[in-house]
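Coordinates as given in entry.txt (compact mmCIF, C-alpha atoms):
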```txt
# COMPACT_ATOMS: atom_id res chain seq x y z
CA MET T 18 73.90 94.98 89.02
CA ASP T 19 77.30 94.86 90.64
CA LYS T 20 80.10 96.26 88.57
CA ASN T 21 83.14 94.19 87.84
CA VAL T 22 85.99 95.76 89.80
CA LYS T 23 89.65 94.80 89.48
CA VAL T 24 92.45 96.31 91.54
CA TYR T 25 95.98 95.96 90.21
CA SER T 26 98.22 96.49 93.20
CA THR T 27 101.39 95.59 95.08
CA PRO T 28 101.25 94.42 98.69
CA THR T 29 103.54 97.24 99.82
CA CYS T 30 101.96 100.31 98.27
CA PRO T 31 100.10 102.52 100.73
CA TRP T 32 97.65 103.87 98.15
CA CYS T 33 96.79 100.29 97.15
CA ILE T 34 96.05 99.45 100.77
CA ARG T 35 93.86 102.56 101.10
CA THR T 36 92.06 101.82 97.84
CA LYS T 37 91.17 98.30 98.95
CA GLN T 38 90.16 99.56 102.39
CA PHE T 39 87.89 102.13 100.74
CA LEU T 40 86.23 99.50 98.55
CA LYS T 41 85.70 97.21 101.54
CA GLU T 42 84.23 100.05 103.61
CA ASN T 43 81.72 100.57 100.81
CA ASN T 44 80.97 96.85 100.46
CA ILE T 45 82.29 96.74 96.92
CA LYS T 46 83.45 93.31 95.80
CA PHE T 47 86.67 93.39 93.84
CA GLU T 48 89.31 91.15 92.38
CA ASP T 49 92.72 91.90 93.88
CA ILE T 50 95.50 91.37 91.35
CA ASP T 51 98.98 91.35 92.84
CA VAL T 52 101.26 92.62 90.09
CA ALA T 53 104.33 92.03 92.27
CA SER T 54 103.89 88.27 92.00
CA ASP T 55 102.17 88.06 88.61
CA GLN T 56 104.33 89.41 85.78
CA ARG T 57 101.68 88.80 83.15
CA ALA T 58 99.15 90.81 85.13
CA ALA T 59 101.76 93.55 85.57
CA GLN T 60 102.20 93.71 81.81
CA GLU T 61 98.42 93.80 81.33
CA MET T 62 98.15 96.68 83.79
CA VAL T 63 100.85 98.66 81.99
CA GLU T 64 99.15 98.09 78.63
CA LYS T 65 95.70 99.06 79.88
CA SER T 66 96.77 102.14 81.82
CA GLY T 67 99.74 103.26 79.72
CA GLN T 68 101.81 103.74 82.85
CA MET T 69 103.60 101.81 85.60
CA GLY T 70 102.28 103.24 88.85
CA VAL T 71 100.02 101.29 91.19
CA PRO T 72 97.20 101.07 92.05
CA VAL T 73 95.19 100.83 88.85
CA LEU T 74 91.48 100.07 89.00
CA GLU T 75 89.41 98.64 86.22
CA ILE T 76 85.70 99.18 86.80
CA ASP T 77 83.63 97.66 83.98
CA GLY T 78 86.32 98.65 81.51
CA ASP T 79 86.90 102.14 82.94
CA ILE T 80 90.50 102.66 84.06
CA VAL T 81 91.30 104.71 87.14
CA ILE T 82 94.93 105.43 87.96
CA GLY T 83 95.77 105.91 91.63
CA PHE T 84 93.49 106.20 94.64
CA ASP T 85 91.20 108.79 93.10
CA LYS T 86 88.46 108.54 95.68
CA GLU T 87 86.07 110.89 93.90
CA LYS T 88 86.42 109.29 90.49
CA ILE T 89 86.07 105.80 91.94
CA GLY T 90 83.03 106.92 93.94
CA LYS T 91 81.45 108.46 90.89
CA ILE T 92 81.88 105.42 88.66
CA LEU T 93 80.56 103.15 91.39
CA GLY T 94 77.71 105.52 92.20
CA LEU T 95 78.68 105.93 95.84
CA GLY T 96 77.13 108.79 97.76
CA MET D 8 83.61 126.00 116.56
CA LEU D 9 86.09 123.13 116.63
CA ASP D 10 88.81 123.19 119.26
CA LEU D 11 91.50 121.89 116.95
CA ILE D 12 92.25 121.17 113.32
CA ILE D 13 95.20 118.91 112.66
CA ILE D 14 96.62 119.28 109.17
CA GLY D 15 98.23 116.03 108.11
CA ALA D 16 97.89 112.40 109.20
CA GLY D 17 101.41 111.06 109.26
CA PRO D 18 103.03 109.85 112.49
CA SER D 19 102.94 113.36 113.89
CA GLY D 20 99.37 114.29 113.01
CA ILE D 21 98.00 110.91 114.07
CA THR D 22 99.81 110.99 117.41
CA ALA D 23 98.56 114.54 117.98
CA GLY D 24 95.07 113.26 117.17
CA VAL D 25 95.30 110.43 119.67
CA TYR D 26 96.54 112.74 122.41
CA ALA D 27 93.88 115.34 121.59
CA ALA D 28 91.13 112.71 121.65
CA ARG D 29 92.29 111.47 125.04
CA LYS D 30 92.11 115.06 126.33
CA LYS D 31 88.57 115.32 124.90
CA ILE D 32 89.59 118.10 122.54
CA ASP D 33 87.05 118.46 119.72
CA THR D 34 89.28 117.71 116.74
CA LEU D 35 89.13 117.42 112.95
CA VAL D 36 91.96 116.00 110.87
CA ILE D 37 92.40 117.29 107.32
CA THR D 38 94.90 115.42 105.21
CA ARG D 39 95.91 114.40 101.75
CA ASP D 40 96.73 110.86 102.82
CA VAL D 41 96.90 108.72 105.94
CA GLY D 42 100.26 107.45 107.16
CA GLY D 43 102.37 110.10 105.51
CA GLN D 44 105.92 109.25 104.62
CA ALA D 45 105.91 106.36 107.09
CA ALA D 46 103.55 104.54 104.74
CA TRP D 47 106.08 104.92 101.94
CA SER D 48 109.05 103.64 103.92
CA GLY D 49 110.49 100.20 103.35
CA ASP D 50 111.72 98.52 106.47
CA VAL D 51 111.51 100.30 109.81
CA GLU D 52 113.91 98.93 112.39
CA ASN D 53 114.16 101.82 114.82
CA TYR D 54 110.64 102.49 116.05
CA THR D 55 110.75 101.41 119.69
CA GLY D 56 108.65 98.37 120.40
CA TYR D 57 109.13 96.97 116.90
CA GLN D 58 112.46 95.41 116.13
CA PHE D 59 111.22 95.14 112.60
CA ILE D 60 108.09 96.40 110.91
CA SER D 61 107.44 97.55 107.35
CA GLY D 62 106.45 101.17 106.76
CA PRO D 63 102.95 100.33 105.47
CA GLU D 64 102.34 98.02 108.45
CA LEU D 65 103.43 100.66 110.93
CA ALA D 66 101.25 103.25 109.17
CA ALA D 67 98.31 100.85 109.36
CA LYS D 68 98.91 100.46 113.10
CA PHE D 69 98.91 104.25 113.47
CA GLN D 70 95.69 104.52 111.51
CA GLU D 71 94.07 101.77 113.56
CA HIS D 72 95.08 103.56 116.75
CA MET D 73 93.51 106.80 115.55
CA SER D 74 90.34 105.05 114.33
CA GLY D 75 89.88 103.70 117.84
CA TYR D 76 89.07 107.23 118.96
CA ASN D 77 86.60 108.04 116.17
CA ILE D 78 88.37 111.23 115.20
CA PRO D 79 86.79 112.69 112.06
CA VAL D 80 89.24 112.64 109.15
CA ARG D 81 88.82 114.54 105.87
CA GLU D 82 91.05 112.55 103.57
CA ASN D 83 92.14 113.45 100.01
CA GLU D 84 91.87 117.10 100.91
CA SER D 85 94.64 119.69 100.65
CA VAL D 86 94.92 122.84 102.70
CA THR D 87 95.51 125.88 100.52
CA SER D 88 95.64 128.64 103.12
CA LEU D 89 95.46 129.37 106.80
CA ASP D 90 94.69 132.63 108.53
CA VAL D 91 94.29 133.76 112.14
CA LYS D 92 91.13 135.84 112.41
CA GLY D 93 90.51 137.10 115.92
CA LYS D 94 89.96 134.09 118.13
CA ALA D 95 89.59 131.64 115.26
CA VAL D 96 92.00 130.12 112.81
CA SER D 97 90.43 129.75 109.40
CA VAL D 98 91.61 126.87 107.25
CA VAL D 99 90.78 126.84 103.56
CA THR D 100 91.15 123.63 101.55
CA ASP D 101 90.67 122.68 97.93
CA LYS D 102 87.19 121.48 98.89
CA SER D 103 85.89 123.56 101.79
CA GLU D 104 86.56 126.03 104.58
CA TYR D 105 86.84 125.40 108.31
CA ALA D 106 87.49 127.28 111.53
CA ALA D 107 88.94 126.15 114.82
CA ARG D 108 90.32 127.69 117.98
CA THR D 109 93.72 126.12 117.32
CA VAL D 110 95.60 124.38 114.51
CA ILE D 111 98.45 121.90 114.48
CA ILE D 112 100.31 121.83 111.19
CA ALA D 113 101.72 118.34 110.74
CA SER D 114 101.75 118.28 106.97
CA GLY D 115 105.18 116.70 106.67
CA LYS D 116 107.33 116.59 103.60
CA ARG D 117 107.07 115.37 100.05
CA THR D 118 109.62 114.07 97.61
CA LYS D 119 111.69 116.52 95.70
CA GLU D 120 111.75 116.39 91.93
CA LEU D 121 114.88 116.37 89.77
CA ASN D 122 113.86 119.20 87.45
CA VAL D 123 115.48 117.74 84.37
CA PRO D 124 114.05 117.27 80.87
CA GLY D 125 111.92 114.14 80.56
CA GLU D 126 110.96 113.97 84.22
CA GLN D 127 107.35 115.13 83.86
CA GLU D 128 106.87 113.15 80.66
CA PHE D 129 108.02 109.84 82.14
CA LYS D 130 106.53 110.19 85.61
CA ASN D 131 104.86 106.82 86.30
CA ARG D 132 106.12 105.66 82.91
CA GLY D 133 109.17 103.99 84.34
CA LEU D 134 110.13 106.90 86.56
CA THR D 135 108.85 106.74 90.10
CA TYR D 136 109.36 108.31 93.49
CA CYS D 137 108.25 105.26 95.47
CA ALA D 138 110.34 102.11 95.40
CA THR D 139 108.12 100.60 98.07
CA CYS D 140 105.03 100.94 95.88
CA ASP D 141 106.17 100.42 92.34
CA GLY D 142 109.41 98.48 92.87
CA PRO D 143 107.90 95.05 92.14
CA LEU D 144 106.90 96.19 88.62
CA PHE D 145 110.57 96.42 87.75
CA SER D 146 111.41 92.82 88.41
CA GLY D 147 114.35 91.54 86.39
CA ARG D 148 115.21 94.95 84.96
CA GLU D 149 118.24 97.19 85.17
CA VAL D 150 117.28 100.24 87.18
CA ALA D 151 118.83 103.35 88.68
CA VAL D 152 118.22 105.00 91.99
CA ILE D 153 119.06 108.68 92.02
CA GLY D 154 120.23 110.09 95.33
CA GLY D 155 122.71 109.33 98.09
CA GLY D 156 120.84 109.64 101.38
CA ASN D 157 118.87 107.23 103.52
CA SER D 158 115.83 107.13 101.26
CA ALA D 159 117.99 106.36 98.23
CA LEU D 160 119.79 103.56 100.08
CA ASP D 161 116.46 102.26 101.36
CA ALA D 162 115.28 102.07 97.74
CA VAL D 163 118.49 100.32 96.64
CA LEU D 164 118.13 97.69 99.37
CA GLN D 165 114.52 97.05 98.35
CA LEU D 166 115.40 96.84 94.67
CA ILE D 167 118.23 94.34 94.98
CA ARG D 168 115.55 91.79 95.88
CA ILE D 169 113.73 92.55 92.63
CA ALA D 170 115.89 94.06 89.90
CA ARG D 171 118.67 92.53 87.82
CA ARG D 172 121.07 95.42 88.42
CA VAL D 173 120.84 98.61 90.43
CA TYR D 174 122.85 101.73 89.68
CA LEU D 175 123.06 104.28 92.45
CA ILE D 176 123.59 107.70 90.94
CA ASN D 177 124.94 110.09 93.54
CA ILE D 178 125.69 113.72 92.78
CA ASN D 179 128.11 114.01 95.73
CA SER D 180 131.52 112.44 96.17
CA SER D 181 130.32 110.13 98.94
CA LEU D 182 127.05 108.73 100.26
CA ASN D 183 125.27 110.51 103.06
CA ALA D 184 123.33 107.62 104.56
CA ASP D 185 123.50 105.32 107.57
CA GLU D 186 126.69 103.27 107.53
CA ILE D 187 124.78 100.00 107.93
CA MET D 188 122.80 100.64 104.73
CA CYS D 189 125.82 101.78 102.71
CA LYS D 190 127.64 98.64 103.78
CA LYS D 191 124.78 96.38 102.70
CA ALA D 192 124.54 98.12 99.32
CA GLY D 193 128.31 98.06 98.84
CA GLU D 194 128.42 94.34 99.54
CA SER D 195 125.80 93.47 96.94
CA SER D 196 127.18 92.31 93.60
CA LEU D 197 124.06 93.76 91.93
CA VAL D 198 124.79 97.34 92.95
CA THR D 199 126.99 99.80 91.06
CA ILE D 200 127.58 103.08 92.85
CA LEU D 201 128.40 106.09 90.68
CA ASN D 202 129.51 109.02 92.82
CA ASP D 203 130.09 112.57 91.50
CA THR D 204 127.50 111.87 88.85
CA GLU D 205 124.72 114.17 87.78
CA VAL D 206 121.55 113.18 85.95
CA THR D 207 120.88 115.62 83.12
CA ALA D 208 117.88 114.03 81.38
CA ILE D 209 115.40 111.17 81.53
CA LEU D 210 115.16 109.34 78.22
CA GLY D 211 112.53 107.11 76.67
CA ASP D 212 109.82 106.69 74.09
CA LYS D 213 106.58 105.33 75.55
CA MET D 214 108.34 104.35 78.75
CA VAL D 215 111.73 105.19 80.25
CA ASN D 216 114.64 103.53 78.49
CA GLY D 217 117.57 105.35 80.02
CA ILE D 218 119.08 108.43 81.58
CA LYS D 219 121.69 110.89 80.50
CA ILE D 220 124.41 111.31 83.09
CA LYS D 221 127.37 113.63 83.41
CA ARG D 222 130.51 112.53 85.18
CA GLN D 223 134.00 113.96 85.03
CA GLY D 224 132.78 116.56 82.56
CA ARG D 225 131.53 113.96 80.08
CA GLU D 226 127.95 113.08 79.22
CA GLU D 227 126.95 109.50 78.65
CA VAL D 228 123.76 107.50 78.30
CA LEU D 229 122.88 104.70 80.65
CA ALA D 230 120.29 102.28 79.26
CA LEU D 231 117.74 101.40 81.94
CA GLY D 232 114.33 99.88 82.49
CA GLY D 233 113.42 102.07 85.43
CA VAL D 234 114.39 105.16 87.40
CA PHE D 235 113.75 105.81 91.08
CA VAL D 236 114.19 109.38 92.24
CA GLU D 237 115.16 109.68 95.91
CA ILE D 238 116.88 113.05 96.23
CA GLY D 239 115.33 114.25 99.42
CA LEU D 240 112.27 116.06 100.55
CA ILE D 241 110.68 119.47 100.76
CA PRO D 242 108.29 120.62 103.49
CA ASN D 243 104.58 120.96 102.72
CA SER D 244 104.50 124.45 104.16
CA GLU D 245 103.62 126.65 101.16
CA PHE D 246 100.04 127.21 102.35
CA ALA D 247 101.22 128.55 105.73
CA LYS D 248 102.00 132.01 104.49
CA GLY D 249 102.19 134.10 107.65
CA LEU D 250 104.50 131.67 109.42
CA LYS D 251 108.22 132.10 110.03
CA LYS D 252 110.26 129.44 108.25
CA ASN D 253 113.91 128.59 107.91
CA GLU D 254 115.85 128.60 104.64
CA LEU D 255 114.58 125.08 103.85
CA GLY D 256 110.97 126.20 104.17
CA GLU D 257 110.52 124.38 107.47
CA ILE D 258 108.18 126.07 109.96
CA LYS D 259 110.02 127.48 112.96
CA VAL D 260 108.73 126.18 116.29
CA ASN D 261 109.82 126.59 119.89
CA PRO D 262 110.14 123.65 122.30
CA ARG D 263 106.36 123.86 122.96
CA ASN D 264 105.62 123.53 119.22
CA GLU D 265 104.37 127.11 119.05
CA THR D 266 104.88 129.05 115.82
CA ASN D 267 105.10 132.82 115.52
CA LEU D 268 101.28 132.97 115.19
CA PRO D 269 99.04 132.56 118.23
CA ALA D 270 96.89 129.41 118.23
CA VAL D 271 98.96 127.90 115.42
CA PHE D 272 101.20 125.00 116.38
CA ALA D 273 103.35 122.78 114.19
CA ALA D 274 104.91 119.35 114.60
CA GLY D 275 106.98 116.75 112.83
CA ASP D 276 108.89 116.87 109.57
CA VAL D 277 107.31 120.14 108.41
CA THR D 278 109.07 121.94 111.28
CA ASP D 279 112.67 122.98 111.85
CA VAL D 280 113.08 120.41 114.64
CA PRO D 281 116.36 118.63 113.92
CA GLU D 282 116.34 114.99 112.77
CA LYS D 283 113.48 113.61 110.74
CA GLN D 284 112.49 110.26 112.15
CA ILE D 285 109.13 108.53 112.56
CA ILE D 286 109.56 108.32 116.30
CA ILE D 287 110.58 111.96 116.59
CA ALA D 288 107.64 113.10 114.46
CA ALA D 289 105.30 111.06 116.64
CA GLY D 290 106.79 112.50 119.83
CA GLU D 291 106.52 116.04 118.50
CA GLY D 292 102.87 115.42 117.61
CA ALA D 293 102.19 114.34 121.19
CA LYS D 294 103.93 117.43 122.51
CA ALA D 295 102.01 119.74 120.18
CA ALA D 296 98.66 118.27 121.29
CA LEU D 297 99.57 118.77 124.93
CA SER D 298 100.58 122.36 124.19
CA VAL D 299 97.21 122.87 122.51
CA PHE D 300 95.51 121.40 125.57
CA SER D 301 97.19 123.89 127.87
CA TYR D 302 96.57 126.74 125.40
CA LEU D 303 92.86 125.90 125.34
CA ALA D 304 92.79 125.70 129.14
CA ARG D 305 94.40 129.12 129.37
CA HIS D 306 91.93 130.58 126.88
CA ASN D 307 88.78 128.80 127.99
CA ASP D 308 87.01 132.12 128.53
CA THR D 309 86.49 132.29 124.79
CA ARG D 310 84.47 129.11 124.64
```

Using structure tokens, write down the structure that the file contains.
Amino acid sequence: MDKNVKVYSTPTCPWCIRTKQFLKENNIKFEDIDVASDQRAAQEMVEKSGQMGVPVLEIDGDIVIGFDKEKIGKILGLG
Amino acid sequence: MLDLIIIGAGPSGITAGVYAARKKIDTLVITRDVGGQAAWSGDVENYTGYQFISGPELAAKFQEHMSGYNIPVRENESVTSLDVKGKAVSVVTDKSEYAARTVIIASGKRTKELNVPGEQEFKNRGLTYCATCDGPLFSGREVAVIGGGNSALDAVLQLIRIARRVYLININSSLNADEIMCKKAGESSLVTILNDTEVTAILGDKMVNGIKIKRQGREEVLALGGVFVEIGLIPNSEFAKGLKKNELGEIKVNPRNETNLPAVFAAGDVTDVPEKQIIIAAGEGAKAALSVFSYLARHNDTR
């Protein structure tokens, strides 16, 4: 079954752009949460990740900070 | 064996890649990220052909251009050492080992750290090195930008659209940035410029809540909701051990982008070429690839 993937990001952050590109390349559906325009989501991201850097991914409850390609790949079971 | 390994995929490495591909040079790009510092820039208003483009957009254009040539790119990989062995250059990374007939080092620069107490602890906890990325998370807060050069002013100009107040903490007695940016910052009622001021510590509990500054011999605490460090850059040249560098750690190159080692070329911000600009880095990358092309032509007996 598809995992539930959320990406907390800002439109201007290069790692966010790469992260989303990477997910698209691997046909992973995700919810893109723009923390620049949604203060509540920004707060939620800070609480969940304990830090203020973007991007943050939430994959079925697992938190990944930054574009950690290997970790993301592992959780999603990508080859 | 590969003809060429390009280390880095900023404006310089990507342009070198495009030129190499067009010369049918068998190339591999090894890089930590794609876009380099260009991707982290705010507004770019001096790249010919674009009166205005944002850094991430320009970086995306570069990437798109490179993708058009199907150049293999090993991303998220860092080079740890490089060695000329006979007619091959061996390149060791944190993940693997490669060999090529030539190498272009276009690994660019990275942001310098402050080296004060609290910096490591509060990294990404209210202290950041990328206003472009994380700036929007500081909306409505009082923040400080540390530095006095173009990147610091760039951060200030981005943050005045977001933050409630922006302090610019500059260790020198005057700013060392483009006049047009200093003027814009000076005209904003949200900006307070503190010259001759040194940051001595980053303060906070879970997240940053202030900095300790020293001015006119006195220490004081500035309460803040965010800190942006923009105090300049250092070259990513540590892995290139046998290469001649200047006192800043920049790799010395001649006008043909040759280093002191045969078959090893360098281009862009990692080199001692004066002026660090996206367009200059790109131009240098083109030049390096053409130098590689003529080097390979001269040494084609080894194929």

Tell me, counting all atoms listed in the file, for each residue of chain D within 9 Å of chain T, which pair of atoms is nearest and how far apart they are in Å to one decimal, in rows ordered by chain and increasing number, as a tab-separated table.
```
residue	atom	partner	partner_atom	distance
D:Asp40	CA	T:Trp32	CA	8.5
D:Val41	CA	T:Arg35	CA	8.4
D:Gly42	CA	T:Pro31	CA	8.1
D:Ala46	CA	T:Pro31	CA	5.7
D:Trp47	CA	T:Pro31	CA	6.6
D:Gly49	CA	T:Thr29	CA	8.3
D:Ser61	CA	T:Thr29	CA	8.5
D:Gly62	CA	T:Thr29	CA	8.5
D:Pro63	CA	T:Pro31	CA	5.9
D:Glu64	CA	T:Thr29	CA	8.7
D:Ala66	CA	T:Pro31	CA	8.5
D:Ala67	CA	T:Pro31	CA	9.0
D:Asn83	CA	T:Lys86	CA	7.5
D:Phe129	CA	T:Gln68	CA	8.7
D:Lys130	CA	T:Gln68	CA	8.5
D:Asn131	CA	T:Gly70	CA	5.1
D:Arg132	CA	T:Gln68	CA	4.7
D:Gly133	CA	T:Met69	CA	6.1
D:Leu134	CA	T:Met69	CA	8.3
D:Thr135	CA	T:Gly70	CA	7.5
D:Cys137	CA	T:Cys30	CA	8.5
D:Thr139	CA	T:Thr29	CA	5.9
D:Cys140	CA	T:Cys30	CA	3.9
D:Asp141	CA	T:Gly70	CA	5.9
D:Gly142	CA	T:Ala53	CA	8.2
D:Pro143	CA	T:Ala53	CA	4.7
D:Leu144	CA	T:Ala53	CA	6.1
D:Phe145	CA	T:Ala53	CA	8.9
D:Ser146	CA	T:Ala53	CA	8.1
D:Lys213	CA	T:Gly67	CA	8.3
D:Met214	CA	T:Gln68	CA	7.7
```

Which residue out of D:Leu229, D:Asp279, D:Ile286, D:Val236 has the minimum interatomic distance to Gly256 in chain D when all atoms listed in the file are used? D:Asp279

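As for CA of Asn243 in chain D and CA of Asp276 in chain D, they are spaced 9.1 Å apart.
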
List every protein, DNA or RNA residue that has an atom no more than 8 Å from (100.1, 109.8, 115.7) in the file's coordinate frame, counting only C-alpha atoms, and report them as a list in words. Ala16, Gly17, Pro18, Ser19, Gly20, Ile21, Thr22, Ala23, Gly24, Val25, Phe69, Met73, Ala289, Gly292 and Ala293 of chain D

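Atom pair CA of Ala274 in chain D / CA of Gln38 in chain T has a distance of 27.5 Å (rounded to one decimal).
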
Hey, can you check how far CA of Val96 in chain D sits from CA of Val271 in chain D? 7.8 Å

Your completed range 66-79 of chain T with N, CA and C atoms, as a compact mmCIF listing (two decimals), keeping the file's coordinate frame:
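Final file, result.txt:
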```txt
# COMPACT_ATOMS: atom_id res chain seq x y z
N SER T 66 96.76 100.80 81.22
CA SER T 66 96.77 102.14 81.82
C SER T 66 97.82 103.05 81.18
N GLY T 67 98.71 102.46 80.37
CA GLY T 67 99.74 103.26 79.72
C GLY T 67 100.76 103.83 80.69
N GLN T 68 100.85 103.26 81.86
CA GLN T 68 101.81 103.74 82.85
C GLN T 68 102.14 102.61 83.85
N MET T 69 103.11 102.89 84.72
CA MET T 69 103.60 101.81 85.60
C MET T 69 103.36 102.04 87.08
N GLY T 70 102.53 103.00 87.42
CA GLY T 70 102.28 103.24 88.85
C GLY T 70 101.08 102.43 89.34
N VAL T 71 101.15 101.97 90.58
CA VAL T 71 100.02 101.29 91.19
C VAL T 71 99.40 102.21 92.25
N PRO T 72 98.13 102.05 92.60
CA PRO T 72 97.20 101.07 92.05
C PRO T 72 96.56 101.53 90.74
N VAL T 73 96.03 100.55 90.00
CA VAL T 73 95.19 100.83 88.85
C VAL T 73 93.88 100.07 89.07
N LEU T 74 92.77 100.74 88.88
CA LEU T 74 91.48 100.07 89.00
C LEU T 74 90.86 99.93 87.63
N GLU T 75 90.21 98.80 87.43
CA GLU T 75 89.41 98.64 86.22
C GLU T 75 87.99 98.37 86.69
N ILE T 76 87.10 99.32 86.38
CA ILE T 76 85.70 99.18 86.80
C ILE T 76 84.85 99.09 85.55
N ASP T 77 84.40 97.90 85.22
CA ASP T 77 83.63 97.66 83.98
C ASP T 77 84.30 98.30 82.77
N GLY T 78 85.61 98.13 82.67
CA GLY T 78 86.32 98.65 81.51
C GLY T 78 86.87 100.07 81.69
N ASP T 79 86.36 100.80 82.66
CA ASP T 79 86.90 102.14 82.94
C ASP T 79 88.18 102.01 83.76
```
